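Structure data (compact mmCIF, C-alpha atoms and all ligand atoms) from input-v2.txt:
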```txt
# COMPACT_ATOMS: atom_id res chain seq x y z
CA MET A 10 118.02 114.09 131.70
CA LEU A 11 119.17 117.66 132.32
CA TYR A 12 118.36 118.46 128.70
CA ASP A 13 114.82 117.07 129.17
CA THR A 14 114.35 119.29 132.22
CA ILE A 15 115.60 122.33 130.32
CA LEU A 16 113.28 121.48 127.40
CA THR A 17 110.23 121.58 129.66
CA VAL A 18 110.86 125.24 130.51
CA MET A 19 111.92 126.41 127.07
CA LYS A 20 109.60 128.09 124.62
CA ARG A 21 107.90 125.78 122.06
CA TYR A 22 107.60 126.94 118.46
CA LYS A 23 104.10 126.21 117.32
CA LYS A 24 102.20 126.27 114.06
CA THR A 25 99.37 128.79 113.68
CA ILE A 26 95.95 128.15 115.14
CA LYS A 27 94.66 128.71 111.58
CA LEU A 28 96.31 125.44 110.59
CA SER A 29 94.56 123.38 113.23
CA ASN A 30 91.54 122.75 110.99
CA VAL A 31 93.53 122.21 107.83
CA GLY A 32 94.37 118.75 106.57
CA TYR A 33 95.97 117.27 103.48
CA ASP A 34 95.87 113.54 104.09
CA ILE A 35 97.15 112.54 100.64
CA ARG A 36 100.56 113.42 102.05
CA GLY A 37 99.41 113.13 105.68
CA PRO A 38 100.11 110.81 108.64
CA VAL A 39 99.76 107.54 106.70
CA ALA A 40 102.10 108.83 103.99
CA GLU A 41 104.55 109.87 106.73
CA GLU A 42 104.43 106.36 108.13
CA ALA A 43 105.13 105.03 104.62
CA ALA A 44 108.11 107.41 104.37
CA ARG A 45 109.41 106.09 107.70
CA MET A 46 109.11 102.51 106.43
CA ALA A 47 110.87 103.47 103.19
CA ALA A 48 113.70 105.06 105.20
CA GLU A 49 114.13 101.68 106.90
CA GLY A 50 114.55 100.05 103.51
CA VAL A 51 111.02 98.76 102.90
CA TYR A 52 109.79 99.31 99.32
CA VAL A 53 106.35 100.96 99.52
CA THR A 54 104.23 101.32 96.38
CA PRO A 55 103.07 104.95 96.42
CA LEU A 56 99.44 104.82 95.34
CA ASN A 57 98.65 108.08 97.11
CA THR A 58 99.50 110.73 94.51
CA GLY A 59 98.71 111.03 90.81
CA ASN A 60 102.37 111.35 89.91
CA PRO A 61 102.78 109.74 86.47
CA ALA A 62 106.59 109.90 86.13
CA VAL A 63 106.99 107.77 89.29
CA PHE A 64 105.46 104.97 87.22
CA ASP A 65 107.60 105.67 84.16
CA ILE A 66 104.91 107.60 82.34
CA PHE A 67 107.03 110.43 81.03
CA ALA A 68 106.40 113.61 79.05
CA PRO A 69 106.45 113.40 75.26
CA GLU A 70 109.93 113.98 73.85
CA PHE A 71 108.97 117.36 72.32
CA VAL A 72 108.04 118.67 75.77
CA GLU A 73 111.36 117.61 77.28
CA GLU A 74 113.14 119.18 74.32
CA GLU A 75 111.31 122.46 74.84
CA MET A 76 112.24 122.44 78.54
CA ARG A 77 115.91 121.93 77.68
CA SER A 78 115.84 124.89 75.36
CA ALA A 79 114.16 127.07 78.04
CA VAL A 80 117.09 126.84 80.44
CA ARG A 81 118.66 130.15 79.35
CA ALA A 82 115.55 132.10 78.31
CA GLY A 83 113.85 131.10 81.54
CA GLN A 84 116.39 132.73 83.82
CA PRO A 85 114.80 136.15 84.41
CA TYR A 86 111.55 136.69 86.32
CA SER A 87 108.58 137.07 84.02
CA ASP A 88 105.56 139.33 84.37
CA SER A 89 103.51 138.20 87.42
CA MET A 90 100.54 137.31 85.23
CA GLY A 91 102.83 135.14 83.16
CA VAL A 92 104.78 135.02 79.91
CA GLU A 93 102.72 136.63 77.15
CA ALA A 94 103.19 133.82 74.60
CA ALA A 95 102.13 131.25 77.19
CA ARG A 96 99.01 133.24 78.09
CA GLU A 97 98.15 133.64 74.40
CA ALA A 98 98.42 129.86 73.94
CA ILE A 99 96.32 129.19 77.05
CA ALA A 100 93.66 131.66 75.88
CA ALA A 101 93.59 129.92 72.48
CA TYR A 102 93.18 126.57 74.26
CA CYS A 103 90.27 127.99 76.30
CA ARG A 104 88.63 129.25 73.11
CA SER A 105 89.10 125.85 71.49
CA LYS A 106 87.02 124.46 74.36
CA GLY A 107 84.22 126.93 73.77
CA ILE A 108 85.17 129.58 76.34
CA THR A 109 84.93 131.94 73.45
CA LYS A 110 85.84 135.33 74.82
CA THR A 111 89.03 134.44 76.70
CA GLY A 112 92.09 136.50 75.79
CA ALA A 113 95.60 136.58 77.22
CA GLN A 114 94.53 139.41 79.54
CA ASP A 115 92.21 136.95 81.34
CA VAL A 116 94.92 134.37 82.07
CA TYR A 117 97.32 133.93 85.01
CA THR A 118 100.02 131.30 85.13
CA GLY A 119 101.05 129.59 88.36
CA ASN A 120 103.35 127.06 89.95
CA GLY A 121 100.81 124.36 89.28
CA VAL A 122 97.08 124.64 89.82
CA SER A 123 97.89 124.19 93.52
CA GLU A 124 99.39 127.65 93.89
CA LEU A 125 96.50 129.23 92.01
CA ILE A 126 93.98 127.51 94.27
CA SER A 127 95.68 129.15 97.24
CA ILE A 128 95.90 132.57 95.56
CA SER A 129 92.31 132.49 94.34
CA MET A 130 91.01 131.57 97.80
CA GLN A 131 93.16 134.11 99.63
CA ALA A 132 91.96 136.90 97.37
CA LEU A 133 88.30 135.94 97.83
CA LEU A 134 87.49 134.74 101.31
CA ASP A 135 87.15 136.79 104.45
CA ASP A 136 86.60 135.12 107.81
CA GLY A 137 83.34 133.17 107.78
CA ASP A 138 82.65 133.52 104.04
CA GLU A 139 81.12 130.31 102.74
CA ILE A 140 82.24 128.30 99.77
CA LEU A 141 80.62 125.13 98.45
CA ILE A 142 83.06 122.31 97.75
CA PRO A 143 82.26 118.78 96.54
CA SER A 144 82.36 115.79 98.84
CA PRO A 145 84.47 113.86 98.14
CA ASP A 146 86.89 116.57 97.01
CA TYR A 147 90.48 117.12 96.04
CA PRO A 148 91.32 118.25 99.57
CA LEU A 149 93.52 121.19 98.69
CA TRP A 150 90.34 123.15 97.95
CA THR A 151 88.96 122.65 101.46
CA GLY A 152 92.39 123.20 103.02
CA ALA A 153 93.07 126.43 101.13
CA ALA A 154 89.60 127.85 101.79
CA THR A 155 89.80 127.01 105.49
CA LEU A 156 93.30 128.40 105.88
CA CYS A 157 92.20 131.85 104.81
CA GLY A 158 89.25 131.88 107.20
CA GLY A 159 86.58 130.65 104.80
CA LYS A 160 83.94 128.13 105.74
CA ALA A 161 83.92 125.10 103.45
CA LEU A 162 80.48 123.54 103.10
CA HIS A 163 80.51 120.22 101.33
CA TYR A 164 77.87 119.31 98.79
CA LYS A 165 77.10 115.70 98.06
CA CYS A 166 78.33 113.89 95.00
CA ASP A 167 76.10 110.88 94.72
CA GLU A 168 77.72 107.48 94.29
CA ASP A 169 74.42 105.98 93.11
CA SER A 170 74.34 108.39 90.17
CA GLY A 171 77.97 107.80 89.17
CA TRP A 172 79.28 110.37 91.66
CA LEU A 173 77.54 113.31 90.04
CA PRO A 174 76.89 116.40 92.18
CA ASP A 175 73.44 116.33 93.78
CA LEU A 176 71.94 119.63 92.62
CA LYS A 177 69.26 119.56 95.31
CA ASP A 178 71.94 119.30 97.95
CA VAL A 179 73.96 122.09 96.32
CA ARG A 180 70.92 124.37 96.29
CA SER A 181 70.05 123.58 99.91
CA LYS A 182 73.52 124.66 101.04
CA VAL A 183 73.56 128.08 99.41
CA SER A 184 73.08 130.88 101.94
CA PRO A 185 73.43 134.67 101.84
CA GLY A 186 77.01 134.12 103.04
CA THR A 187 77.98 131.87 100.11
CA LYS A 188 80.51 133.42 97.77
CA ALA A 189 81.48 130.62 95.45
CA ILE A 190 81.17 127.02 94.37
CA VAL A 191 83.97 124.67 93.39
CA VAL A 192 83.48 122.12 90.59
CA ILE A 193 86.11 119.42 90.03
CA ASN A 194 85.51 117.88 86.63
CA PRO A 195 86.86 115.36 85.72
CA ASN A 196 86.82 114.47 89.34
CA ASN A 197 89.52 113.43 91.71
CA PRO A 198 89.03 111.09 93.61
CA THR A 199 86.03 109.50 91.82
CA GLY A 200 87.02 109.67 88.15
CA ALA A 201 83.55 111.02 87.26
CA LEU A 202 83.00 113.12 84.15
CA TYR A 203 80.07 115.54 84.24
CA PRO A 204 77.42 115.75 81.51
CA GLU A 205 76.47 119.11 80.01
CA GLU A 206 73.00 119.25 81.62
CA LEU A 207 74.51 118.86 85.04
CA LEU A 208 76.96 121.70 84.44
CA GLU A 209 74.07 123.83 83.18
CA GLY A 210 72.20 123.05 86.40
CA LEU A 211 75.18 124.13 88.47
CA MET A 212 75.49 127.33 86.45
CA LYS A 213 71.82 128.08 86.97
CA ILE A 214 72.29 127.87 90.73
CA ALA A 215 75.43 130.01 90.49
CA ALA A 216 73.69 132.64 88.34
CA GLU A 217 70.63 132.84 90.57
CA ASN A 218 72.79 133.35 93.64
CA GLU A 219 75.56 135.41 92.01
CA LEU A 220 78.21 132.88 92.99
CA ILE A 221 81.67 132.65 91.48
CA VAL A 222 82.38 129.21 90.01
CA PHE A 223 85.85 127.70 90.34
CA SER A 224 86.18 124.91 87.81
CA ASP A 225 89.19 122.66 88.34
CA GLU A 226 89.72 120.94 84.97
CA ILE A 227 93.24 119.59 85.40
CA TYR A 228 92.15 116.15 84.08
CA ASP A 229 90.26 117.45 81.04
CA ARG A 230 92.62 115.61 78.63
CA ILE A 231 92.63 112.34 80.62
CA VAL A 232 89.20 111.14 79.49
CA MET A 233 88.29 107.63 78.25
CA ASP A 234 85.51 105.70 76.48
CA GLY A 235 85.23 108.21 73.62
CA GLU A 236 83.70 110.77 75.98
CA LYS A 237 84.44 114.47 75.66
CA HIS A 238 85.14 116.88 78.46
CA ILE A 239 82.93 119.95 78.56
CA SER A 240 84.27 123.07 80.24
CA THR A 241 81.94 124.60 82.81
CA ALA A 242 82.60 128.05 81.37
CA ALA A 243 81.43 126.88 77.94
CA VAL A 244 77.90 125.73 78.80
CA GLU A 245 74.70 127.65 78.26
CA GLY A 246 74.27 130.32 80.91
CA ALA A 247 78.01 130.60 81.56
CA GLU A 248 78.18 134.09 80.09
CA ASP A 249 76.30 135.36 83.16
CA VAL A 250 78.58 133.73 85.73
CA LEU A 251 82.11 134.64 86.76
CA VAL A 252 83.98 131.39 86.13
CA VAL A 253 87.57 130.78 87.07
CA THR A 254 88.82 127.80 85.06
CA LEU A 255 91.96 126.09 86.36
CA ASN A 256 94.16 123.77 84.34
CA GLY A 257 97.78 122.87 83.67
CA LEU A 258 100.30 120.44 82.24
CA SER A 259 100.87 118.21 85.30
CA LYS A 260 98.54 115.45 84.15
CA SER A 261 97.97 116.04 80.44
CA HIS A 262 101.70 116.11 79.66
CA MET A 263 102.90 114.11 82.68
CA VAL A 264 105.13 116.93 83.99
CA ALA A 265 103.76 117.22 87.53
CA GLY A 266 107.20 118.17 88.82
CA TYR A 267 107.61 121.13 86.44
CA ARG A 268 104.84 122.95 88.39
CA CYS A 269 103.02 124.39 85.43
CA GLY A 270 99.43 125.58 85.74
CA TRP A 271 97.10 128.42 84.88
CA MET A 272 93.71 129.95 85.54
CA SER A 273 91.48 132.04 83.34
CA PHE A 274 88.57 134.34 84.12
CA SER A 275 85.42 134.40 82.02
CA GLY A 276 81.89 135.80 82.22
CA PRO A 277 81.14 139.23 83.70
CA THR A 278 84.77 140.04 84.51
CA GLU A 279 83.99 143.79 84.63
CA ARG A 280 82.05 143.08 87.85
CA ALA A 281 85.07 141.28 89.28
CA LYS A 282 87.65 144.04 88.87
CA ASP A 283 88.27 144.32 92.58
CA TYR A 284 88.64 140.57 93.08
CA ILE A 285 90.94 140.25 90.07
CA GLU A 286 93.03 143.13 91.41
CA GLY A 287 93.46 141.09 94.60
CA VAL A 288 94.54 138.06 92.58
CA ARG A 289 96.98 140.21 90.63
CA MET A 290 98.47 141.59 93.84
CA LEU A 291 99.00 138.12 95.30
CA ALA A 292 100.49 136.96 92.01
CA SER A 293 102.91 139.90 92.13
CA MET A 294 103.89 139.13 95.72
CA ARG A 295 105.24 135.77 94.59
CA MET A 296 107.00 137.45 91.63
CA CYS A 297 106.01 134.97 88.93
CA ALA A 298 105.51 131.31 88.18
CA ASN A 299 108.45 129.08 87.24
CA VAL A 300 109.54 130.64 83.94
CA PRO A 301 111.13 127.64 82.13
CA ALA A 302 107.86 125.77 82.72
CA GLN A 303 105.87 128.68 81.28
CA LEU A 304 108.09 128.66 78.20
CA ILE A 305 107.01 125.14 77.26
CA ILE A 306 103.26 125.88 77.41
CA ALA A 307 102.81 127.14 73.84
CA LYS A 308 104.56 124.10 72.36
CA ALA A 309 102.82 121.67 74.73
CA LEU A 310 99.41 123.09 73.87
CA SER A 311 100.13 122.74 70.17
CA ASN A 312 99.42 119.08 70.98
CA PRO A 313 97.09 119.22 74.01
CA PHE A 314 96.05 115.58 73.67
CA SER A 315 99.50 114.05 73.65
CA ALA A 316 98.31 111.40 76.15
CA ALA A 317 95.47 110.30 73.86
CA SER A 318 96.99 106.99 72.74
CA MET A 319 97.28 105.87 76.39
CA LEU A 320 93.54 106.41 76.88
CA GLU A 321 92.26 104.16 74.11
CA PRO A 322 91.71 100.39 74.29
CA GLY A 323 95.19 98.84 74.27
CA GLY A 324 96.66 102.04 75.70
CA ARG A 325 98.39 101.97 79.04
CA ILE A 326 96.08 104.09 81.23
CA TYR A 327 92.93 102.59 79.68
CA GLU A 328 94.10 99.01 80.32
CA GLN A 329 95.17 99.89 83.86
CA ARG A 330 91.73 101.33 84.53
CA GLU A 331 90.07 98.17 83.15
CA CYS A 332 92.34 95.98 85.26
CA ILE A 333 91.81 97.74 88.58
CA TYR A 334 88.09 98.23 88.03
CA ARG A 335 87.49 94.52 87.36
CA ALA A 336 89.75 93.43 90.19
CA VAL A 337 88.17 95.71 92.79
CA ARG A 338 84.63 94.95 91.65
CA ASP A 339 85.26 91.23 92.12
CA ILE A 340 86.67 91.43 95.66
CA PRO A 341 83.99 90.35 98.17
CA GLY A 342 83.02 93.31 100.36
CA LEU A 343 84.01 96.02 97.87
CA SER A 344 81.87 97.81 95.31
CA VAL A 345 82.90 100.52 92.90
CA VAL A 346 81.78 102.96 90.23
CA LYS A 347 83.83 102.68 87.04
CA PRO A 348 85.89 105.84 86.56
CA LYS A 349 85.68 107.58 83.19
CA ALA A 350 88.62 109.93 83.57
CA ALA A 351 91.81 110.77 85.51
CA PHE A 352 93.88 108.07 87.28
CA TYR A 353 91.80 107.26 90.34
CA ILE A 354 89.23 104.79 91.57
CA PHE A 355 87.25 105.26 94.78
CA PRO A 356 85.93 101.91 96.05
CA LYS A 357 83.34 101.47 98.76
CA ILE A 358 83.97 99.11 101.65
CA ASP A 359 81.20 97.07 103.23
CA VAL A 360 81.69 98.45 106.75
CA ARG A 361 79.53 95.81 108.40
CA LYS A 362 81.40 92.91 106.87
CA PHE A 363 84.75 94.25 108.06
CA SER A 364 83.48 96.11 111.18
CA ILE A 365 85.17 99.24 109.88
CA ARG A 366 84.88 102.38 111.94
CA ASP A 367 88.14 104.03 110.96
CA ASP A 368 89.12 104.20 107.29
CA GLU A 369 92.51 105.73 108.10
CA LYS A 370 93.31 102.67 110.23
CA PHE A 371 92.16 100.52 107.31
CA VAL A 372 94.72 102.01 104.90
CA LEU A 373 97.38 101.99 107.62
CA ASP A 374 96.79 98.29 108.34
CA PHE A 375 97.05 97.57 104.61
CA LEU A 376 100.26 99.58 104.42
CA TYR A 377 101.84 97.65 107.30
CA GLU A 378 100.83 94.29 105.92
CA HIS A 379 101.35 94.75 102.18
CA HIS A 380 103.52 97.87 101.77
CA VAL A 381 101.09 99.68 99.52
CA LEU A 382 100.16 103.28 100.32
CA MET A 383 96.59 104.38 99.56
CA THR A 384 94.46 107.25 100.89
CA HIS A 385 91.37 106.86 103.07
CA GLY A 386 88.06 108.37 101.93
CA ARG A 387 87.72 110.87 104.76
CA GLY A 388 91.00 112.37 103.52
CA PHE A 389 88.85 113.66 100.65
CA ASN A 390 86.30 115.21 102.99
CA TYR A 391 83.97 112.28 102.49
CA PRO A 392 81.81 111.99 105.62
CA ASP A 393 81.72 108.21 106.14
CA PRO A 394 84.65 105.90 106.91
CA ASP A 395 83.82 103.52 104.07
CA HIS A 396 85.87 104.50 101.03
CA PHE A 397 89.45 104.63 99.91
CA ARG A 398 91.27 105.84 96.81
CA ILE A 399 93.63 103.87 94.63
CA VAL A 400 95.89 105.62 92.10
CA TYR A 401 95.98 103.25 89.13
CA LEU A 402 99.17 104.46 87.50
CA PRO A 403 101.26 101.27 87.91
CA GLU A 404 101.39 98.90 84.94
CA VAL A 405 98.90 96.05 84.70
CA PRO A 406 101.11 93.25 86.17
CA GLU A 407 101.86 95.45 89.22
CA LEU A 408 98.19 96.38 89.59
CA GLU A 409 97.29 92.68 89.44
CA ARG A 410 99.72 91.97 92.27
CA ILE A 411 98.25 94.83 94.30
CA ALA A 412 94.73 93.53 93.69
CA VAL A 413 95.76 90.09 94.96
CA LYS A 414 97.20 91.73 98.08
CA LEU A 415 93.95 93.61 98.64
CA ARG A 416 91.88 90.46 98.20
CA THR A 417 94.12 88.52 100.58
CA PHE A 418 94.08 91.33 103.12
CA LEU A 419 90.30 91.64 103.06
CA ALA A 420 89.71 87.88 103.23
CA ASP A 421 90.06 87.98 107.01
CA TYR A 422 90.18 91.70 107.88
CA LYS A 423 88.12 92.93 110.81
CA GLN A 424 88.63 96.07 112.83
CA THR A 425 88.53 95.54 116.53
N1 LIG A 501 93.41 119.74 91.15
C1 LIG A 501 93.19 118.43 91.21
C2 LIG A 501 91.79 117.93 91.11
C3 LIG A 501 94.25 117.54 91.38
O1 LIG A 501 94.02 116.22 91.46
C4 LIG A 501 95.58 118.04 91.49
C5 LIG A 501 96.73 117.13 91.70
O2 LIG A 501 96.62 115.96 91.88
C6 LIG A 501 95.74 119.43 91.41
C7 LIG A 501 94.66 120.24 91.24
C8 LIG A 501 97.12 120.03 91.53
O3 LIG A 501 97.70 120.12 90.29
P1 LIG A 501 99.08 120.85 90.02
O4 LIG A 501 100.11 119.79 89.82
O5 LIG A 501 98.83 121.65 88.78
O6 LIG A 501 99.38 121.71 91.19
```
Produce structure tokens that represent the structure in this file.
Amino acid sequence: MLYDTILTVMKRYKKTIKLSNVGYDIRGPVAEEAARMAAEGVYVTPLNTGNPAVFDIFAPEFVEEEMRSAVRAGQPYSDSMGVEAAREAIAAYCRSKGITKTGAQDVYTGNGVSELISISMQALLDDGDEILIPSPDYPLWTGAATLCGGKALHYKCDEDSGWLPDLKDVRSKVSPGTKAIVVINPNNPTGALYPEELLEGLMKIAAENELIVFSDEIYDRIVMDGEKHISTAAVEGAEDVLVVTLNGLSKSHMVAGYRCGWMSFSGPTERAKDYIEGVRMLASMRMCANVPAQLIIAKALSNPFSAASMLEPGGRIYEQRECIYRAVRDIPGLSVVKPKAAFYIFPKIDVRKFSIRDDEKFVLDFLYEHHVLMTHGRGFNYPDPDHFRIVYLPEVPELERIAVKLRTFLADYKQT
């Protein structure tokens, strides 16, 4: 009692005002509730993050071996841009994807793409500067841009056209205050893979308005159905646009926990000297990226498609995608676009049928009843409360059980 009285007069330690508009719901309030349930001994299936090793999808043996042998050599700090041999290998990978002029001097390594998203936004955006980000998005982009004072404007990705960016909408949102546009391809949360013409259209808009393009390509080696990923920086017109391509090993080599990512600059880099100097300064301020993880890059990229067998018919990720797609499609009240890449599916809920006004409550109710953690659509800066994302990394029998739970749950679900 006395302590409560004292507390009321004591100073409270508060987070910054800058954080009040920043969200990251993938690990947000619903995930916290799941953690609370887990602490009480309830097993919760974590379908909120694309974290392959949690579902026993591990790195190839040669990658683990390389990490073991990096334990000693990885002890000192490296150069802030990154280990030279790693940057050479990354540059070679970029060239293999048609980003022809990339050299090691254009590459920065980071503690995952996540850290480089933060650095690249901090170096670019002053208060009020606008940046175009897809809706739905991988929400770190919106969060990072907002945190450094930028204004995130969301352009529509159209479900009716397989979740492709709506170029008309993109164009209508460009203003004199727009500095950049973010492209996430393959896309999280929709699993869409963008055709070349669409990327050319985006580049045309970028070139006409002198925008920087940030192309998040972390899923470029998790592509199915015989399709091929095309890098934004490799399409026609890209030579006139400053493109920052981001990628890493988290998903392609299943080492999300190693924190291993990179970004490369291409196009008219001579016009971006000042911006790149800012990036370099921020990279220096954090010393360097995790060095043992950098030391495995060259070996890992000697086999960039090590996940390929999992993505073909009969392969684990392919069959999981087939299973969840069919199951979701057949549940009354849900509809869904079939994902072509990554590990995610983004179903639509018939809001009228279930009287849904709050998608966060929807995933929370499902969590309480069936102990499965998913993420609501608005967590991806999607405007309407009628979507949710499932991570389809569990094996087929587990996914089948989850689908039954979803069907059972929706059979009589109504929000009041
Ligand atoms: N970009 C996208 C689209 C992602 O989905 C993720 C992780 O899920 C990241 C970036 C972060 O990747 P990293 O593990 O390299 O930080």
Sphere at (86.2, 130.0, 73.4), radius 12 Å, counting all atoms listed in the file: residues as a VMD selection string = chain A and resid 99 to 112 239 to 244 247 to 248 273 to 276
Identify, on the basis of all atoms listed in the file, every residue whose closest approach to Tyr52 (chain A) does not exceed 12 Å; exclude the query and any residue fewer than 6 positions from it along the same chain; express the result as an NGL selection string.
-> :A and (43-46 or 376-377 or 379-382)
Between A:Arg268, A:Lys188, A:Arg77, A:Arg280, which has the minimum distance to ligand LIG 501 (chain A) (counting all atoms listed in the file)?
->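 Once distances to ligand LIG 501 (chain A) are computed over all atoms listed in the file, the minimum belongs to A:Arg268.
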Among listed residues A:Ser318, A:Ser344, A:Asn194, A:Thr54, nearest ligand LIG 501 (chain A) (using all atoms listed in the file) | A:Asn194
Long-range neighbours of region 116-128 of chain A as a PDB file with C-alpha atoms, in the frame of the given file, 6 Å cut-off, all atoms listed in the file, 5 positions minimum in chain:
```pdb
ATOM      1  CA  MET A  90     100.540 137.310  85.230  1.00  0.00           C
ATOM      2  CA  GLY A  91     102.830 135.140  83.160  1.00  0.00           C
ATOM      3  CA  ARG A  96      99.010 133.240  78.090  1.00  0.00           C
ATOM      4  CA  ALA A 153      93.070 126.430 101.130  1.00  0.00           C
ATOM      5  CA  ARG A 268     104.840 122.950  88.390  1.00  0.00           C
ATOM      6  CA  CYS A 269     103.020 124.390  85.430  1.00  0.00           C
ATOM      7  CA  GLY A 270      99.430 125.580  85.740  1.00  0.00           C
ATOM      8  CA  TRP A 271      97.100 128.420  84.880  1.00  0.00           C
ATOM      9  CA  MET A 272      93.710 129.950  85.540  1.00  0.00           C
ATOM     10  CA  SER A 273      91.480 132.040  83.340  1.00  0.00           C
ATOM     11  CA  ALA A 298     105.510 131.310  88.180  1.00  0.00           C
TER      12      ALA A 298
END
```
Pick out the closest residue to ligand LIG 501 (chain A) from this set: A:Ser181, A:Ser144, A:Ser29, A:Thr58. Count only C-alpha atoms and all ligand atoms.
->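 Checking each candidate against ligand LIG 501 (chain A), we get A:Thr58 as the closest.
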Top pick for closest residue to Lys165 (chain A), considering A:Pro143, A:Gly342, A:Gly83, A:Pro195 and counting only C-alpha atoms =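 Counting only C-alpha atoms, the residue closest to Lys165 (chain A) is A:Pro143.
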Which polymer residues have any atom within 8 Å of an atom of Leu156 (chain A), counting all atoms listed in the file, with same-chain residues fewer than 6 positions away left out, as a ChimeraX atom specification?
-> /A:27-28,30-31
Using the structure just given, write a file holding N, CA, C and O atoms for region 345-357 of chain A, as a PDB file, in the first residue's frame.
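Saved the output as out-v8.pdb:
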```
ATOM      1  N   VAL A 345      -8.203 -17.249 -50.942  1.00  0.00           N
ATOM      2  CA  VAL A 345      -6.756 -17.032 -50.866  1.00  0.00           C
ATOM      3  C   VAL A 345      -6.082 -17.102 -52.233  1.00  0.00           C
ATOM      4  O   VAL A 345      -6.516 -17.846 -53.111  1.00  0.00           O
ATOM      5  N   VAL A 346      -5.055 -16.288 -52.398  1.00  0.00           N
ATOM      6  CA  VAL A 346      -4.227 -16.331 -53.596  1.00  0.00           C
ATOM      7  C   VAL A 346      -3.091 -17.320 -53.320  1.00  0.00           C
ATOM      8  O   VAL A 346      -2.473 -17.277 -52.243  1.00  0.00           O
ATOM      9  N   LYS A 347      -2.815 -18.185 -54.280  1.00  0.00           N
ATOM     10  CA  LYS A 347      -1.755 -19.182 -54.057  1.00  0.00           C
ATOM     11  C   LYS A 347      -0.375 -18.516 -54.074  1.00  0.00           C
ATOM     12  O   LYS A 347      -0.017 -17.854 -55.050  1.00  0.00           O
ATOM     13  N   PRO A 348       0.386 -18.672 -52.998  1.00  0.00           N
ATOM     14  CA  PRO A 348       1.721 -18.060 -52.995  1.00  0.00           C
ATOM     15  C   PRO A 348       2.674 -18.784 -53.935  1.00  0.00           C
ATOM     16  O   PRO A 348       2.557 -19.993 -54.132  1.00  0.00           O
ATOM     17  N   LYS A 349       3.603 -18.030 -54.517  1.00  0.00           N
ATOM     18  CA  LYS A 349       4.579 -18.634 -55.435  1.00  0.00           C
ATOM     19  C   LYS A 349       5.955 -18.735 -54.804  1.00  0.00           C
ATOM     20  O   LYS A 349       6.865 -19.344 -55.371  1.00  0.00           O
ATOM     21  N   ALA A 350       6.132 -18.053 -53.676  1.00  0.00           N
ATOM     22  CA  ALA A 350       7.475 -17.963 -53.101  1.00  0.00           C
ATOM     23  C   ALA A 350       7.371 -17.720 -51.600  1.00  0.00           C
ATOM     24  O   ALA A 350       6.291 -17.438 -51.077  1.00  0.00           O
ATOM     25  N   ALA A 351       8.518 -17.819 -50.927  1.00  0.00           N
ATOM     26  CA  ALA A 351       8.631 -17.593 -49.469  1.00  0.00           C
ATOM     27  C   ALA A 351       7.849 -18.657 -48.692  1.00  0.00           C
ATOM     28  O   ALA A 351       7.566 -19.741 -49.224  1.00  0.00           O
ATOM     29  N   PHE A 352       7.493 -18.351 -47.432  1.00  0.00           N
ATOM     30  CA  PHE A 352       6.856 -19.374 -46.576  1.00  0.00           C
ATOM     31  C   PHE A 352       5.508 -18.912 -46.039  1.00  0.00           C
ATOM     32  O   PHE A 352       5.109 -19.304 -44.949  1.00  0.00           O
ATOM     33  N   TYR A 353       4.848 -18.008 -46.738  1.00  0.00           N
ATOM     34  CA  TYR A 353       3.674 -17.360 -46.147  1.00  0.00           C
ATOM     35  C   TYR A 353       2.471 -17.445 -47.066  1.00  0.00           C
ATOM     36  O   TYR A 353       2.601 -17.445 -48.283  1.00  0.00           O
ATOM     37  N   ILE A 354       1.294 -17.439 -46.414  1.00  0.00           N
ATOM     38  CA  ILE A 354       0.046 -17.369 -47.160  1.00  0.00           C
ATOM     39  C   ILE A 354      -0.826 -16.342 -46.442  1.00  0.00           C
ATOM     40  O   ILE A 354      -0.776 -16.234 -45.215  1.00  0.00           O
ATOM     41  N   PHE A 355      -1.579 -15.558 -47.220  1.00  0.00           N
ATOM     42  CA  PHE A 355      -2.265 -14.389 -46.640  1.00  0.00           C
ATOM     43  C   PHE A 355      -3.765 -14.459 -46.987  1.00  0.00           C
ATOM     44  O   PHE A 355      -4.231 -13.767 -47.894  1.00  0.00           O
ATOM     45  N   PRO A 356      -4.514 -15.318 -46.265  1.00  0.00           N
ATOM     46  CA  PRO A 356      -5.919 -15.514 -46.622  1.00  0.00           C
ATOM     47  C   PRO A 356      -6.796 -14.317 -46.300  1.00  0.00           C
ATOM     48  O   PRO A 356      -6.499 -13.521 -45.409  1.00  0.00           O
ATOM     49  N   LYS A 357      -7.896 -14.254 -47.049  1.00  0.00           N
ATOM     50  CA  LYS A 357      -8.910 -13.218 -46.831  1.00  0.00           C
ATOM     51  C   LYS A 357     -10.087 -13.828 -46.082  1.00  0.00           C
ATOM     52  O   LYS A 357     -10.528 -14.937 -46.400  1.00  0.00           O
TER      53      LYS A 357
END
```
